[in-house]
>>> print(open('input34.txt').read())   # compact mmCIF, C-alpha atoms
# COMPACT_ATOMS: atom_id res chain seq x y z
CA MET A 1107 19.46 143.87 39.82
CA ALA A 1108 21.73 141.79 37.58
CA THR A 1109 24.33 143.61 35.58
CA PRO A 1110 25.08 142.71 31.94
CA GLN A 1111 28.26 140.99 33.10
CA ASP A 1112 26.21 138.76 35.42
CA VAL A 1113 23.71 137.87 32.69
CA LEU A 1114 26.24 136.96 29.98
CA PRO A 1115 27.66 133.49 30.31
CA ALA A 1116 31.26 133.11 31.19
CA PRO A 1117 33.48 132.44 28.15
CA SER A 1118 34.44 128.83 27.74
CA ALA A 1119 37.96 127.60 27.38
CA LEU A 1120 37.49 127.24 23.61
CA ASP A 1121 36.55 130.94 23.25
CA ARG A 1122 39.61 132.17 25.08
CA PRO A 1123 42.64 133.07 22.96
CA ALA A 1124 45.40 130.59 23.21
CA PRO A 1125 48.52 131.84 24.94
CA PRO A 1126 51.53 132.34 22.68
CA PRO A 1127 53.83 129.35 22.52
CA VAL A 1128 56.88 129.57 24.69
CA PRO A 1129 60.00 128.68 22.72
CA ALA A 1130 62.27 126.08 24.13
CA PRO A 1131 65.48 127.34 25.71
CA ASP A 1132 67.63 125.65 23.05
CA ALA A 1133 65.47 126.67 20.04
CA ARG A 1134 67.25 128.67 17.32
CA ILE A 1135 66.02 130.42 14.19
CA VAL A 1136 67.10 128.72 11.00
CA ALA A 1137 67.04 130.62 7.71
CA ARG A 1138 64.97 129.16 4.93
CA ARG A 1139 67.04 127.14 2.53
CA ARG A 1140 66.99 128.22 -1.10
CA PRO A 1141 68.89 125.60 -3.09
CA GLY A 1142 67.65 126.95 -6.43
CA GLN A 1143 69.29 130.32 -5.87
CA TRP A 1144 72.62 128.73 -4.99
CA VAL A 1145 72.48 126.53 -8.08
CA PHE A 1146 71.84 129.51 -10.36
CA ALA A 1147 74.50 131.52 -8.52
CA GLY A 1148 77.02 128.73 -9.10
CA ILE A 1149 76.15 128.54 -12.80
CA ALA A 1150 76.42 132.34 -13.18
CA LEU A 1151 79.78 132.34 -11.38
CA LEU A 1152 81.03 129.54 -13.64
CA LEU A 1153 79.98 131.42 -16.78
CA ALA A 1154 81.63 134.62 -15.51
CA ALA A 1155 84.86 132.72 -14.80
CA MET A 1156 84.79 131.22 -18.29
CA ALA A 1157 84.27 134.68 -19.84
CA VAL A 1158 87.17 136.19 -17.87
CA ASN A 1159 89.40 133.25 -18.77
CA SER A 1160 88.55 133.60 -22.47
CA ILE A 1161 89.46 137.30 -22.35
CA VAL A 1162 92.68 136.96 -20.39
CA ARG A 1163 94.07 133.97 -22.28
CA ASN A 1164 92.95 135.01 -25.76
CA LYS A 1165 96.08 136.02 -27.69
CA ALA A 1166 94.00 138.04 -30.17
CA PHE A 1167 93.61 140.79 -27.54
CA GLN A 1168 97.40 141.33 -27.65
CA TRP A 1169 97.68 142.56 -24.08
CA GLY A 1170 101.32 143.53 -24.64
CA VAL A 1171 100.25 146.01 -27.34
CA VAL A 1172 97.51 147.29 -25.03
CA ALA A 1173 100.07 147.96 -22.30
CA ASP A 1174 102.41 149.74 -24.73
CA TRP A 1175 99.73 152.08 -26.10
CA PHE A 1176 97.70 152.60 -22.91
CA THR A 1177 99.73 155.64 -21.79
CA ALA A 1178 100.94 156.74 -25.22
CA ARG A 1179 101.04 160.49 -25.85
CA SER A 1180 98.48 160.41 -28.66
CA VAL A 1181 96.03 158.38 -26.56
CA LEU A 1182 96.41 160.68 -23.55
CA ASP A 1183 95.91 163.73 -25.75
CA GLY A 1184 92.70 162.21 -27.10
CA LEU A 1185 91.57 161.40 -23.56
CA THR A 1186 92.25 164.99 -22.49
CA LEU A 1187 90.15 166.34 -25.35
CA THR A 1188 87.35 163.90 -24.51
CA LEU A 1189 87.29 165.05 -20.88
CA TRP A 1190 87.43 168.70 -21.97
CA LEU A 1191 84.52 168.26 -24.38
CA THR A 1192 82.50 166.48 -21.69
CA ALA A 1193 83.10 169.18 -19.08
CA VAL A 1194 82.49 172.14 -21.40
CA THR A 1195 79.37 170.83 -23.10
CA LEU A 1196 77.78 169.62 -19.86
CA ALA A 1197 78.56 172.85 -17.97
CA LEU A 1198 77.20 175.02 -20.78
CA GLY A 1199 74.26 172.65 -21.18
CA PHE A 1200 73.20 173.02 -17.55
CA VAL A 1201 73.66 176.81 -17.61
CA LEU A 1202 71.49 177.15 -20.70
CA GLY A 1203 69.18 174.38 -19.52
CA THR A 1204 68.43 176.30 -16.33
CA GLY A 1205 67.11 179.21 -18.36
CA LEU A 1206 65.19 176.86 -20.63
CA ALA A 1207 63.63 175.13 -17.62
CA SER A 1208 62.58 178.53 -16.24
CA MET A 1209 60.88 179.22 -19.55
CA ARG A 1210 59.05 175.88 -19.37
CA LEU A 1211 57.79 176.73 -15.88
CA SER A 1212 56.87 180.31 -16.80
CA THR A 1213 53.28 181.48 -16.91
CA ASN A 1214 53.96 183.15 -20.25
CA PRO A 1215 52.55 180.92 -23.02
CA VAL A 1216 55.04 182.24 -25.61
CA LEU A 1217 58.05 181.30 -23.47
CA ARG A 1218 56.56 177.89 -22.68
CA THR A 1219 55.90 177.17 -26.35
CA LEU A 1220 59.34 178.25 -27.52
CA SER A 1221 61.14 176.19 -24.86
CA TRP A 1222 58.96 173.16 -25.57
CA GLY A 1223 59.70 173.47 -29.30
CA TYR A 1224 63.46 173.63 -28.67
CA ILE A 1225 63.39 170.54 -26.45
CA TRP A 1226 61.16 168.70 -28.92
CA VAL A 1227 63.52 169.32 -31.86
CA PHE A 1228 66.79 168.42 -30.14
CA ARG A 1229 65.44 165.36 -28.33
CA SER A 1230 63.77 164.03 -31.47
CA THR A 1231 66.78 164.04 -33.82
CA PRO A 1232 69.84 161.79 -33.50
CA PRO A 1233 73.01 163.48 -32.18
CA LEU A 1234 75.02 162.38 -35.22
CA VAL A 1235 72.54 164.06 -37.56
CA GLN A 1236 72.78 167.27 -35.53
CA LEU A 1237 76.59 167.26 -35.67
CA LEU A 1238 76.64 166.67 -39.41
CA PHE A 1239 74.07 169.44 -39.88
CA PHE A 1240 76.15 171.98 -37.96
CA PHE A 1241 79.31 170.81 -39.71
CA ASN A 1242 77.69 171.62 -43.06
CA ILE A 1243 76.04 174.83 -41.87
CA GLY A 1244 78.08 176.75 -44.47
CA ALA A 1245 75.92 175.29 -47.22
CA LEU A 1246 72.85 176.89 -45.61
CA TYR A 1247 74.40 180.13 -44.32
CA PRO A 1248 77.57 180.91 -46.29
CA THR A 1249 78.05 184.17 -44.35
CA LEU A 1250 76.95 185.58 -41.03
CA GLY A 1251 76.53 189.32 -40.67
CA LEU A 1252 76.00 191.89 -37.94
CA GLY A 1253 74.00 194.99 -38.76
CA ILE A 1254 70.55 196.53 -38.82
CA PRO A 1255 67.66 194.04 -39.20
CA PHE A 1256 66.36 194.16 -42.79
CA GLY A 1257 69.05 196.74 -43.47
CA PRO A 1258 72.76 197.03 -44.21
CA GLU A 1259 75.30 194.72 -42.57
CA PHE A 1260 78.40 196.21 -40.98
CA VAL A 1261 80.41 193.01 -40.37
CA THR A 1262 80.22 189.76 -42.34
CA VAL A 1263 82.10 186.51 -41.66
CA LYS A 1264 82.25 183.37 -43.77
CA THR A 1265 80.99 180.39 -41.82
CA VAL A 1266 83.54 178.13 -43.49
CA ASN A 1267 86.32 180.03 -41.75
CA LEU A 1268 84.36 180.56 -38.53
CA ILE A 1269 83.17 177.08 -37.52
CA GLY A 1270 85.76 174.32 -37.43
CA PRO A 1271 85.36 170.66 -36.38
CA THR A 1272 86.08 171.23 -32.68
CA LEU A 1273 83.77 174.26 -32.43
CA THR A 1274 81.10 172.31 -34.31
CA ALA A 1275 81.38 169.50 -31.76
CA VAL A 1276 81.09 171.95 -28.85
CA ILE A 1277 78.05 173.70 -30.34
CA GLY A 1278 76.26 170.51 -31.33
CA LEU A 1279 76.82 168.66 -28.06
CA THR A 1280 76.02 171.76 -25.97
CA LEU A 1281 72.69 172.34 -27.70
CA LEU A 1282 71.83 168.66 -27.26
CA GLU A 1283 72.75 168.59 -23.56
CA THR A 1284 70.78 171.81 -23.01
CA ALA A 1285 67.56 170.10 -24.03
CA TYR A 1286 68.12 167.18 -21.66
CA ALA A 1287 69.39 169.35 -18.80
CA ALA A 1288 66.28 171.54 -19.03
CA GLU A 1289 64.02 168.55 -18.48
CA VAL A 1290 66.17 167.27 -15.63
CA ILE A 1291 66.07 170.63 -13.84
CA ARG A 1292 62.36 171.08 -14.50
CA GLY A 1293 61.62 167.64 -13.06
CA GLY A 1294 63.70 168.37 -9.97
CA ILE A 1295 61.90 171.66 -9.31
CA LEU A 1296 58.50 170.05 -9.78
CA SER A 1297 59.43 167.34 -7.26
CA VAL A 1298 59.48 169.92 -4.44
CA ASP A 1299 56.21 169.92 -2.55
CA ARG A 1300 54.13 173.04 -3.18
CA GLY A 1301 53.20 173.18 0.49
CA GLN A 1302 56.76 174.07 1.41
CA LEU A 1303 56.73 176.99 -1.00
CA GLU A 1304 53.45 178.20 0.45
CA ALA A 1305 54.86 177.90 3.98
CA ALA A 1306 57.94 179.91 2.96
CA ALA A 1307 55.72 182.59 1.41
CA ALA A 1308 53.67 182.71 4.62
CA LEU A 1309 56.87 183.31 6.59
CA GLY A 1310 57.72 186.23 4.34
CA LEU A 1311 60.91 184.73 2.87
CA GLY A 1312 62.25 186.30 -0.30
CA ARG A 1313 62.22 184.43 -3.62
CA TRP A 1314 66.01 184.12 -3.80
CA ARG A 1315 66.20 182.77 -0.24
CA VAL A 1316 63.38 180.31 -0.93
CA LEU A 1317 65.17 179.13 -4.05
CA ARG A 1318 68.53 178.79 -2.30
CA ARG A 1319 67.37 177.32 1.02
CA ILE A 1320 64.27 175.31 0.13
CA VAL A 1321 63.90 174.56 -3.56
CA VAL A 1322 67.48 173.77 -4.63
CA PRO A 1323 68.45 171.43 -1.72
CA GLN A 1324 65.31 169.34 -2.19
CA ALA A 1325 65.38 169.43 -5.97
CA MET A 1326 68.98 168.23 -6.01
CA ARG A 1327 67.88 164.84 -4.64
CA SER A 1328 66.01 164.31 -7.91
CA ILE A 1329 68.47 166.14 -10.14
CA VAL A 1330 71.74 164.50 -9.06
CA PRO A 1331 71.00 160.87 -10.09
CA THR A 1332 69.77 161.89 -13.54
CA ALA A 1333 72.53 164.47 -13.93
CA GLY A 1334 75.08 161.78 -13.09
CA ASN A 1335 73.66 159.57 -15.80
CA MET A 1336 73.81 162.53 -18.19
CA LEU A 1337 77.47 163.07 -17.33
CA ILE A 1338 78.35 159.46 -18.09
CA SER A 1339 76.28 159.53 -21.29
CA ALA A 1340 77.97 162.78 -22.35
CA LEU A 1341 81.39 161.21 -21.79
CA LYS A 1342 80.54 158.27 -24.01
CA GLY A 1343 78.61 160.45 -26.46
CA THR A 1344 81.71 162.48 -27.28
CA SER A 1345 82.92 159.49 -29.31
CA ILE A 1346 80.60 160.52 -32.17
CA VAL A 1347 82.75 163.59 -32.84
CA SER A 1348 85.28 161.20 -34.41
CA VAL A 1349 83.22 161.43 -37.63
CA LEU A 1350 84.22 165.10 -37.78
CA ALA A 1351 87.94 164.22 -37.48
CA VAL A 1352 88.09 165.69 -33.97
CA SER A 1353 91.00 164.04 -32.14
CA ASP A 1354 89.11 162.63 -29.19
CA LEU A 1355 89.97 159.32 -27.55
CA LEU A 1356 88.25 157.14 -30.14
CA TYR A 1357 89.65 159.04 -33.12
CA SER A 1358 93.15 158.86 -31.63
CA VAL A 1359 93.08 155.07 -31.38
CA GLN A 1360 91.52 154.88 -34.84
CA LEU A 1361 94.49 156.73 -36.31
CA VAL A 1362 96.81 154.20 -34.71
CA TYR A 1363 95.06 151.03 -35.87
CA LEU A 1364 94.55 152.41 -39.38
CA GLN A 1365 98.34 152.50 -39.67
CA SER A 1366 99.29 149.41 -37.65
CA TYR A 1367 96.16 147.27 -38.32
CA GLN A 1368 96.01 146.44 -34.60
CA VAL A 1369 92.27 147.06 -34.38
CA ILE A 1370 91.35 144.91 -31.38
CA PRO A 1371 94.10 146.02 -28.94
CA MET A 1372 93.56 149.70 -29.73
CA LEU A 1373 89.82 149.38 -29.18
CA VAL A 1374 90.61 147.65 -25.88
CA VAL A 1375 92.76 150.65 -24.91
CA ALA A 1376 89.84 153.03 -25.53
CA THR A 1377 87.43 150.69 -23.72
CA ILE A 1378 89.59 150.48 -20.60
CA TRP A 1379 89.95 154.26 -20.44
CA TYR A 1380 86.19 154.73 -20.82
CA LEU A 1381 85.60 152.14 -18.07
CA ALA A 1382 88.10 153.83 -15.74
CA ILE A 1383 86.69 157.34 -16.16
CA THR A 1384 83.09 156.12 -15.91
CA THR A 1385 83.93 154.26 -12.69
CA LEU A 1386 85.41 157.38 -11.12
CA LEU A 1387 82.38 159.43 -12.14
CA SER A 1388 80.04 156.80 -10.69
CA ILE A 1389 81.89 156.88 -7.36
CA GLY A 1390 81.63 160.67 -7.27
CA GLN A 1391 77.92 160.49 -8.11
CA TYR A 1392 77.38 158.02 -5.25
CA TYR A 1393 78.85 160.36 -2.64
CA VAL A 1394 77.08 163.44 -4.03
CA GLU A 1395 73.77 161.56 -3.80
CA ARG A 1396 74.57 160.64 -0.17
CA HIS A 1397 75.27 164.30 0.61
CA TYR A 1398 71.85 165.45 -0.62
CA ALA A 1399 70.09 162.44 0.93
CA LYS A 1400 70.93 163.50 4.49
CA GLY A 1401 67.87 163.71 6.69
CA THR A 1402 65.61 161.78 4.33
CA THR A 1403 65.41 158.70 6.60
CA ARG A 1404 65.04 158.33 10.34
CA ASP A 1405 67.57 155.54 10.61
CA GLY A 1406 70.31 157.45 8.83
CA LEU A 1407 72.14 156.59 5.67
CA PRO A 1408 73.47 153.07 5.05
CA PRO A 1409 77.24 152.63 5.44
CA THR A 1410 79.45 153.24 2.45
CA PRO A 1411 81.47 150.36 0.93
CA LEU A 1412 84.59 151.77 2.61
CA GLN A 1413 82.85 151.82 5.99
CA ARG A 1414 81.66 148.24 5.46
CA ALA A 1415 85.18 147.14 4.60
CA ARG A 1416 86.54 148.77 7.74
CA ALA A 1417 83.85 147.11 9.85
CA GLY A 1418 84.68 143.74 8.29
CA LEU A 1419 88.39 144.16 9.05
CA ARG A 1420 87.54 145.16 12.60
CA ARG A 1421 85.47 142.01 13.08
CA LEU A 1422 88.27 139.87 11.66
CA ARG A 1423 90.75 141.40 14.08
CA GLU A 1424 88.40 140.77 16.99
CA VAL A 1425 87.97 137.12 15.95
CA ALA A 1426 91.71 136.69 15.49
CA ALA A 1427 92.37 138.21 18.90
>>> encode(input="input34.txt", output="structure tokens")
Amino acid sequence: MATPQDVLPAPSALDRPAPPPVPAPDARIVARRRPGQWVFAGIALLLAAMAVNSIVRNKAFQWGVVADWFTARSVLDGLTLTLWLTAVTLALGFVLGTGLASMRLSTNPVLRTLSWGYIWVFRSTPPLVQLLFFFNIGALYPTLGLGIPFGPEFVTVKTVNLIGPTLTAVIGLTLLETAYAAEVIRGGILSVDRGQLEAAAALGLGRWRVLRRIVVPQAMRSIVPTAGNMLISALKGTSIVSVLAVSDLLYSVQLVYLQSYQVIPMLVVATIWYLAITTLLSIGQYYVERHYAKGTTRDGLPPTPLQRARAGLRRLREVAA
């Protein structure tokens, strides 16, 4: 009896798949040419060179004045106050923001509503308006007292003598950063997969251990990039306290050019300092992100710029040898 293989006709040569082509021994892979990209790259490089040349050779920048005032005592004092304001307001903002984020994630509707209202108010109003409001808080509350609610007050303090410009800047910037930090922390916690929390609960792990070993390490991968941007924004945002006559970096250079009329070089001094500090913070953010990104990819993390530079020098030495 014939089997199905005997009944079916044999496949013809046209039905058979063609064998893969065998490359010639001397064949080489050539990258696709993209002349348009090189043309645009050349134009962009030319424009960048023209911009740098116009900055370096423009006498209106008065680079000699910039060099003289770059490390002046008044400028360094303003820079110190700027860094102090940034560190204090951001640290307090994240401490208070952690509690506010816990309220947003709470099952209690009152806590959720109150935290949402706080974030809504402080994210919806400009920072300058908030600072001016707190600076003039004495017009709304001339005195602050401590005593029995709806009863006698034992201690009263005049707000005019209590809240000065620097304290106003700390309070205003801290309350603003708290609102943003709460959303950053809440988003990081929500990024952790619920299945991992359920698995930890099934293993009988305590809440503190789950938070420390499971939630925080994974949430930090989402928190660190946004927190780094917040840090840089907070550094630049401290410049608005100059309207309150707080001697930060911007206000310090303003005092100088109001007396010497050297507006452009003094603004260049402030700009260079902001660029330098922001660059250092960006480098730190890059390595912190790499630390919390360990184990996220199978192939490992890409090399750092320093590792690439070392590899390039090693290849140059091998070629030279």
>>> residues_around(input="input34.txt", residues="Ala1207 of chain A", least_positions_apart="4", cutoff="6 Å", atoms="only C-alpha atoms", output="list in words")
Gly1203, Ala1288 and Arg1292 of chain A
>>> closest_residue(input="input34.txt", among="A:Leu1279, A:Ile1291, A:Ala1150, A:Ala1166", to="Val1201 of chain A", atoms="all atoms listed in the file")
A:Ile1291
>>> closest_atom_pairs(input="input34.txt", of="segment 1160-1182 of chain A", to="segment 1370-1382 of chain A", cutoff="10 Å", atoms="all atoms listed in the file", output="Markdown table")
| residue | atom | partner | partner_atom | distance |
| --- | --- | --- | --- | --- |
| A:Ala1166 | CA | A:Ile1370 | CA | 7.5 |
| A:Phe1167 | CA | A:Pro1371 | CA | 5.4 |
| A:Gln1168 | CA | A:Pro1371 | CA | 5.9 |
| A:Trp1169 | CA | A:Pro1371 | CA | 7.0 |
| A:Gly1170 | CA | A:Pro1371 | CA | 8.8 |
| A:Val1171 | CA | A:Pro1371 | CA | 6.4 |
| A:Val1172 | CA | A:Pro1371 | CA | 5.3 |
| A:Ala1173 | CA | A:Val1375 | CA | 8.2 |
| A:Asp1174 | CA | A:Val1375 | CA | 9.7 |
| A:Trp1175 | CA | A:Val1375 | CA | 7.2 |
| A:Phe1176 | CA | A:Val1375 | CA | 5.7 |
| A:Thr1177 | CA | A:Val1375 | CA | 9.1 |
| A:Val1181 | CA | A:Ala1376 | CA | 8.2 |
| A:Leu1182 | CA | A:Trp1379 | CA | 9.6 |
>>> write_last_selection(input="input34.txt", atoms="C-alpha atoms", output="mmCIF file, keeping the file's coordinate frame")
data_model
loop_
_atom_site.group_PDB
_atom_site.id
_atom_site.type_symbol
_atom_site.label_atom_id
_atom_site.label_comp_id
_atom_site.auth_asym_id
_atom_site.auth_seq_id
_atom_site.Cartn_x
_atom_site.Cartn_y
_atom_site.Cartn_z
ATOM 1 C CA ALA A 1166 94.000 138.040 -30.170
ATOM 2 C CA PHE A 1167 93.610 140.790 -27.540
ATOM 3 C CA GLN A 1168 97.400 141.330 -27.650
ATOM 4 C CA TRP A 1169 97.680 142.560 -24.080
ATOM 5 C CA GLY A 1170 101.320 143.530 -24.640
ATOM 6 C CA VAL A 1171 100.250 146.010 -27.340
ATOM 7 C CA VAL A 1172 97.510 147.290 -25.030
ATOM 8 C CA ALA A 1173 100.070 147.960 -22.300
ATOM 9 C CA ASP A 1174 102.410 149.740 -24.730
ATOM 10 C CA TRP A 1175 99.730 152.080 -26.100
ATOM 11 C CA PHE A 1176 97.700 152.600 -22.910
ATOM 12 C CA THR A 1177 99.730 155.640 -21.790
ATOM 13 C CA VAL A 1181 96.030 158.380 -26.560
ATOM 14 C CA LEU A 1182 96.410 160.680 -23.550
#
>>> closest_residue(input="input34.txt", among="A:Val1263, A:Ala1415, A:Ile1346, A:Ala1333", to="Val1394 of chain A", atoms="all atoms listed in the file")
A:Ala1333
>>> atom_distance(input="input34.txt", atom1="atom CA of Pro1232 of chain A", atom2="atom CA of Thr1385 of chain A")
26.2 Å
>>> closest_residue(input="input34.txt", among="A:Val1145, A:Val1369, A:Leu1386, A:Val1347", to="Leu1273 of chain A", atoms="all atoms listed in the file")
A:Val1347
>>> closest_residue(input="input34.txt", among="A:Thr1280, A:Thr1204, A:Thr1265, A:Thr1192", to="Gly1294 of chain A", atoms="all atoms listed in the file")
A:Thr1204
>>> atom_distance(input="input34.txt", atom1="atom CA of Val1276 of chain A", atom2="atom CA of Leu1185 of chain A")
15.8 Å
>>> decode(input="input34.txt", residues="segment 1235-1245 of chain A", atoms="all heavy atoms", output="tab-separated table (two decimals), in the first residue's frame")
chain	number	residue	atom	x	y	z
A	1235	VAL	N	5.85	84.46	43.83
A	1235	VAL	CA	4.66	84.89	44.55
A	1235	VAL	C	4.65	84.30	45.96
A	1235	VAL	O	4.31	84.99	46.94
A	1235	VAL	CB	3.39	84.48	43.78
A	1235	VAL	CG1	2.13	84.78	44.58
A	1235	VAL	CG2	3.34	85.18	42.43
A	1236	GLN	N	5.05	83.04	46.10
A	1236	GLN	CA	5.09	82.42	47.42
A	1236	GLN	C	6.09	83.12	48.32
A	1236	GLN	O	5.81	83.38	49.50
A	1236	GLN	CB	5.44	80.94	47.28
A	1236	GLN	CG	4.42	80.13	46.51
A	1236	GLN	CD	4.86	78.69	46.33
A	1236	GLN	OE1	5.65	78.18	47.11
A	1236	GLN	NE2	4.35	78.03	45.30
A	1237	LEU	N	7.29	83.45	47.79
A	1237	LEU	CA	8.29	84.12	48.61
A	1237	LEU	C	7.81	85.50	49.06
A	1237	LEU	O	7.99	85.89	50.22
A	1237	LEU	CB	9.60	84.25	47.83
A	1237	LEU	CG	10.43	82.97	47.68
A	1237	LEU	CD1	11.68	83.26	46.88
A	1237	LEU	CD2	10.80	82.39	49.04
A	1238	LEU	N	7.22	86.25	48.14
A	1238	LEU	CA	6.71	87.57	48.50
A	1238	LEU	C	5.58	87.47	49.52
A	1238	LEU	O	5.44	88.33	50.41
A	1238	LEU	CB	6.25	88.31	47.25
A	1238	LEU	CG	7.36	88.69	46.25
A	1238	LEU	CD1	6.75	89.32	45.00
A	1238	LEU	CD2	8.36	89.62	46.89
A	1239	PHE	N	4.77	86.43	49.41
A	1239	PHE	CA	3.68	86.24	50.37
A	1239	PHE	C	4.23	85.98	51.76
A	1239	PHE	O	3.77	86.58	52.75
A	1239	PHE	CB	2.79	85.08	49.91
A	1239	PHE	CG	1.59	84.85	50.77
A	1239	PHE	CD1	0.41	85.53	50.55
A	1239	PHE	CD2	1.64	83.96	51.84
A	1239	PHE	CE1	-0.69	85.32	51.35
A	1239	PHE	CE2	0.54	83.75	52.64
A	1239	PHE	CZ	-0.63	84.43	52.39
A	1240	PHE	N	5.22	85.08	51.87
A	1240	PHE	CA	5.79	84.79	53.19
A	1240	PHE	C	6.58	85.98	53.72
A	1240	PHE	O	6.66	86.18	54.94
A	1240	PHE	CB	6.68	83.55	53.11
A	1240	PHE	CG	5.92	82.27	52.99
A	1240	PHE	CD1	5.97	81.52	51.83
A	1240	PHE	CD2	5.15	81.80	54.04
A	1240	PHE	CE1	5.26	80.34	51.71
A	1240	PHE	CE2	4.44	80.61	53.93
A	1240	PHE	CZ	4.49	79.89	52.76
A	1241	PHE	N	7.18	86.77	52.83
A	1241	PHE	CA	7.93	87.93	53.27
A	1241	PHE	C	7.01	88.99	53.88
A	1241	PHE	O	7.43	89.74	54.77
A	1241	PHE	CB	8.71	88.52	52.09
A	1241	PHE	CG	9.66	89.61	52.47
A	1241	PHE	CD1	10.79	89.33	53.22
A	1241	PHE	CD2	9.42	90.92	52.11
A	1241	PHE	CE1	11.68	90.34	53.59
A	1241	PHE	CE2	10.29	91.94	52.47
A	1241	PHE	CZ	11.43	91.64	53.21
A	1242	ASN	N	5.77	89.03	53.40
A	1242	ASN	CA	4.79	89.99	53.92
A	1242	ASN	C	3.77	89.33	54.83
A	1242	ASN	O	2.63	89.80	54.94
A	1242	ASN	CB	4.08	90.69	52.76
A	1242	ASN	CG	5.02	91.52	51.92
A	1242	ASN	OD1	5.38	92.63	52.28
A	1242	ASN	ND2	5.45	90.98	50.79
A	1243	ILE	N	4.16	88.21	55.45
A	1243	ILE	CA	3.22	87.48	56.30
A	1243	ILE	C	2.81	88.30	57.52
A	1243	ILE	O	1.77	88.08	58.12
A	1243	ILE	CB	3.85	86.13	56.75
A	1243	ILE	CG1	2.78	85.18	57.29
A	1243	ILE	CG2	4.95	86.37	57.76
A	1243	ILE	CD1	1.82	84.70	56.26
A	1244	GLY	N	3.65	89.30	57.90
A	1244	GLY	CA	3.32	90.13	59.05
A	1244	GLY	C	2.07	90.95	58.85
A	1244	GLY	O	1.40	91.32	59.83
A	1245	ALA	N	1.74	91.25	57.58
A	1245	ALA	CA	0.51	92.00	57.32
A	1245	ALA	C	-0.73	91.15	57.58
A	1245	ALA	O	-1.81	91.68	57.88
A	1245	ALA	CB	0.50	92.52	55.88
